Amino acid sequence: MNIRANILLRVYLAFGLIVLFAFAVFLRLGQVQFVQGKKWRAMADSLSTRYVNVEATRGNIYSNDGSLLATSVPEYELRMDMYAGGIADDKVFNEKVDSLGLKLAQIFQDKTAKDYARYLRKGRQDSARYLLIHRKVGYSDLKTIRTFPLYNIGKFSGGLIAVQQNKRILPFQALAARTIGYKNENVANGVGLEGAYKEYINGETGKRLMQRIAGGVYIPVNEEAEVAPKDGADIISTIDINMQDLTQNALEKQLIAMKADHGTAILMEVATGEVRAVANFSKIEEGVYKEKFNYAIAGNQDPGSTFKLASYMALIEDKLVDTNTMIGTGYYQIPGKLITDSHPKIETVTVKRAFEESSNAAIAKLINMHYGADPIRFTNHLYDWHLNEKMGLQIPGEARPVVKNPKTNKSWNKNMTLPQMAYGYEMQLTPLKMLSFYNAVANNGKYVAPIFVKEIRRLGNPIEQFKARVINDQICSEVTLSKIKKMLEGVVTEGSGKNVVYNPLYKIAGKTGTAQVADANKGYKANKQYQASFVGYFPADKPKYSLIVVINDPKGAYYGATVSGPVFREIADRIYASDMQMYNDVPTRLVGSTGNPPTKAGQSKATQKVYKAFGFKPLFASKSEYYNIVDTSAGEVFQENTERKGVMPNVSGMGLKDALYLLGNAGLKTKVIGSGKVTAQSIAAGTKVGKGLGVQIELN
């Protein structure tokens, strides 16, 4: 064989081997891809892991009195690994799957036992490693489920996988719901306190290692997170749950009665600026109202006559009028408009009386007469009081006030704007803004921004505390303030609030307000809609709370006194009645005998405890467990009543409970006539008696 043939043979041999090897590779690839593909894909899936975020338990929100307003409770999604270590053997699984199906049917009651058993067997056939059992399972149910057949083999080997999720609940449901707010995936920043303090409440997320299984599903590798989440901090709000309940009920009841469109009521503590209650209701259907919008902080509208407080304050502060200055009421003509009082009566009265009767004509004339040539002088007062600025509230959504001035507002009308501003038109203020201004009067001129959160705590320890921000240290002089306070008190005792708000037991200061509001783009004249309001504080001589009630579009009556006044009165009355600090100054008068107050005969320890609570120090003649009272000319004497076996006890003067106790111990069968305290017994005290003997006692 020549050299050329030898070389060609070797080349052909090498080429053949290469082709043969390539064919073998392709054959193996086909086998892996099509014959063993399912096996290797499952293995590839099982080797894929990643870390995912674990949501932290969100902090709680508490009321001022310690009640829980919002909290997170654990909720679980239950899954099952049908081939977990403890149940991999078919015999173990088949022996207990029916029992497990029965237990699941009993606890969830959404399928029959057979349906559950069939569902579990189907999951086994499909080699499911993450089979859904049930969603939204509570912790107490989870503890029970862990004891079920198969699942009780072991925490991991039984196949049960519990994926924890946190559910936010409001224990008091609708109470202060809009103020508490909410956070969900569809709202970026959240609403109310939940949104404003999310950085504190949300906590810090943890990390959990997840394993990818067939079908692209990830399951947790371990029960516990590799990096534990840090729970959120707790928020201590200023809301008082009892006052909130009272405020919501009073407002809702009046909204239903007046068939109004919506309304709001806000209660604030004068000295601290802490908001104790906020109620906001919108009409859903006839007789049904829900919290949908926070009118208290975002409901910008013409305030109406409640704004007259600012107008009179400016006039008195500039010494342009005094409370005894005389002014005409009824009508006041300006170019293009006749300003009319709600109940026109042409007469000349004092400024104080014009305020008490809420005369539109009087205040429009006074403001126009004294500030018409220089309106900026009037609006400067409003700007100095920061009525044109946001208050920087702790919760989002505060509307920006609109208070015009002739320099910057193109809509300023030289003939109409100033006199109409005088009685609360051509401006936009929220109810909370108006309340805060009245609160400043009650707070001796100190204007503070309302607060909704007083403290943030982590693990029970304060990490941040809040106090009301002072907007204006002194809104006016003490002389002006004194006169304004008298005028506000006069509204309730002599003026527009006399027949509805006045209470002879304590003083209320405030102002009624009635404003016609625009109907969307149709203006004021299309369909007349009104806003009725009452704002003030109580007790007027020592203010503790300020309160505003605003009701929009009531049907029938629409004046502030008759629509919002009853709500103000109900809230104020019930708070006053429940707060003893408000009437601690009432003098104590002792009438007649100044000895110890009378009491029923009975157990000595109980009586001593009651007397001690009231500061009395009675002297008992003996140390017996029970006593009787003997009336003498010198007063009441506590006489020993020693219980002796076989002897009829003296139950005279006792209440039924104590009498039955002694007679029962003596073995007697007692017949009772009447109620009150024992006045007669059929067997005389000291008589020997036997067990089972009948005795009759009369009470009166």
# chains A, B, ... in the order shown; residues from 1 in each chain; ligands from 1
$ residues_around --residues "A:Leu656" --least-positions-apart "2" --cutoff "9 Å" --atoms "only C-alpha atoms" --output "PyMOL selection string"
chain A and resi 654+658-661+672+675-678+699
$ write_last_selection --atoms "N, CA, C and O atoms" --output "PDB file, in the first residue's frame"
ATOM      1  N   MET A 654     -81.741  44.555 107.043  1.00  0.00           N
ATOM      2  CA  MET A 654     -80.815  44.031 106.038  1.00  0.00           C
ATOM      3  C   MET A 654     -81.446  44.030 104.643  1.00  0.00           C
ATOM      4  O   MET A 654     -82.665  44.016 104.492  1.00  0.00           O
ATOM      5  N   ASP A 658     -78.123  39.704 102.127  1.00  0.00           N
ATOM      6  CA  ASP A 658     -77.527  39.386 103.435  1.00  0.00           C
ATOM      7  C   ASP A 658     -78.483  38.567 104.288  1.00  0.00           C
ATOM      8  O   ASP A 658     -78.071  37.643 105.005  1.00  0.00           O
ATOM      9  N   ALA A 659     -79.776  38.909 104.225  1.00  0.00           N
ATOM     10  CA  ALA A 659     -80.756  38.184 105.039  1.00  0.00           C
ATOM     11  C   ALA A 659     -80.830  36.719 104.620  1.00  0.00           C
ATOM     12  O   ALA A 659     -80.831  35.817 105.471  1.00  0.00           O
ATOM     13  N   LEU A 660     -80.894  36.454 103.331  1.00  0.00           N
ATOM     14  CA  LEU A 660     -80.966  35.067 102.858  1.00  0.00           C
ATOM     15  C   LEU A 660     -79.711  34.287 103.212  1.00  0.00           C
ATOM     16  O   LEU A 660     -79.763  33.081 103.485  1.00  0.00           O
ATOM     17  N   TYR A 661     -78.562  34.972 103.209  1.00  0.00           N
ATOM     18  CA  TYR A 661     -77.307  34.305 103.555  1.00  0.00           C
ATOM     19  C   TYR A 661     -77.349  33.798 105.002  1.00  0.00           C
ATOM     20  O   TYR A 661     -77.023  32.641 105.289  1.00  0.00           O
ATOM     21  N   VAL A 672     -90.208  35.171 101.008  1.00  0.00           N
ATOM     22  CA  VAL A 672     -89.934  36.606 100.931  1.00  0.00           C
ATOM     23  C   VAL A 672     -91.161  37.349 100.410  1.00  0.00           C
ATOM     24  O   VAL A 672     -91.776  36.943  99.418  1.00  0.00           O
ATOM     25  N   SER A 675     -89.938  44.172  98.706  1.00  0.00           N
ATOM     26  CA  SER A 675     -88.568  44.482  98.291  1.00  0.00           C
ATOM     27  C   SER A 675     -88.056  45.653  99.109  1.00  0.00           C
ATOM     28  O   SER A 675     -88.831  46.391  99.725  1.00  0.00           O
ATOM     29  N   GLY A 676     -86.741  45.806  99.114  1.00  0.00           N
ATOM     30  CA  GLY A 676     -86.129  46.875  99.902  1.00  0.00           C
ATOM     31  C   GLY A 676     -85.278  46.289 101.001  1.00  0.00           C
ATOM     32  O   GLY A 676     -84.390  45.476 100.744  1.00  0.00           O
ATOM     33  N   LYS A 677     -85.538  46.694 102.244  1.00  0.00           N
ATOM     34  CA  LYS A 677     -84.820  46.100 103.373  1.00  0.00           C
ATOM     35  C   LYS A 677     -85.817  45.458 104.325  1.00  0.00           C
ATOM     36  O   LYS A 677     -87.007  45.803 104.353  1.00  0.00           O
ATOM     37  N   VAL A 678     -85.353  44.487 105.129  1.00  0.00           N
ATOM     38  CA  VAL A 678     -86.223  43.688 105.996  1.00  0.00           C
ATOM     39  C   VAL A 678     -86.825  44.564 107.091  1.00  0.00           C
ATOM     40  O   VAL A 678     -86.098  45.262 107.821  1.00  0.00           O
ATOM     41  N   LEU A 699     -90.141  42.783 103.382  1.00  0.00           N
ATOM     42  CA  LEU A 699     -89.221  43.859 103.004  1.00  0.00           C
ATOM     43  C   LEU A 699     -90.022  45.074 102.549  1.00  0.00           C
ATOM     44  O   LEU A 699     -91.073  44.943 101.931  1.00  0.00           O
TER      45      LEU A 699
END
$ residues_around --residues "A:Tyr383" --least-positions-apart "6" --cutoff "12 Å" --atoms "only C-alpha atoms" --output "ChimeraX atom specification"
/A:310,314,376-377,389-390,401-405,471-472,475
$ closest_residue --among "A:Ile363, A:Val351, A:Arg569, A:Asn60" --to "A:Gly490" --atoms "only C-alpha atoms"
A:Val351
$ closest_atom_pairs --of "stretch 99-191 of chain A" --to "stretch 434-453 of chain A" --cutoff "12 Å" --atoms "only C-alpha atoms" --output "CSV"
residue,atom,partner,partner_atom,distance
A:Ala176,CA,A:Phe452,CA,11.3
A:Thr179,CA,A:Phe452,CA,8.5
A:Ile180,CA,A:Phe452,CA,9.7
$ atom_distance --atom1 "atom CA of A:Asp341" --atom2 "atom CA of A:Phe568"
23.6 Å
$ closest_residue --among "A:Lys414, A:Arg400, A:Lys198, A:Lys207" --to "A:His386" --atoms "only C-alpha atoms"
A:Arg400
$ residues_around --residues "A:Ala362" --least-positions-apart "3" --cutoff "6 Å" --atoms "only C-alpha atoms" --output "PyMOL selection string"
chain A and resi 328-329+359+365
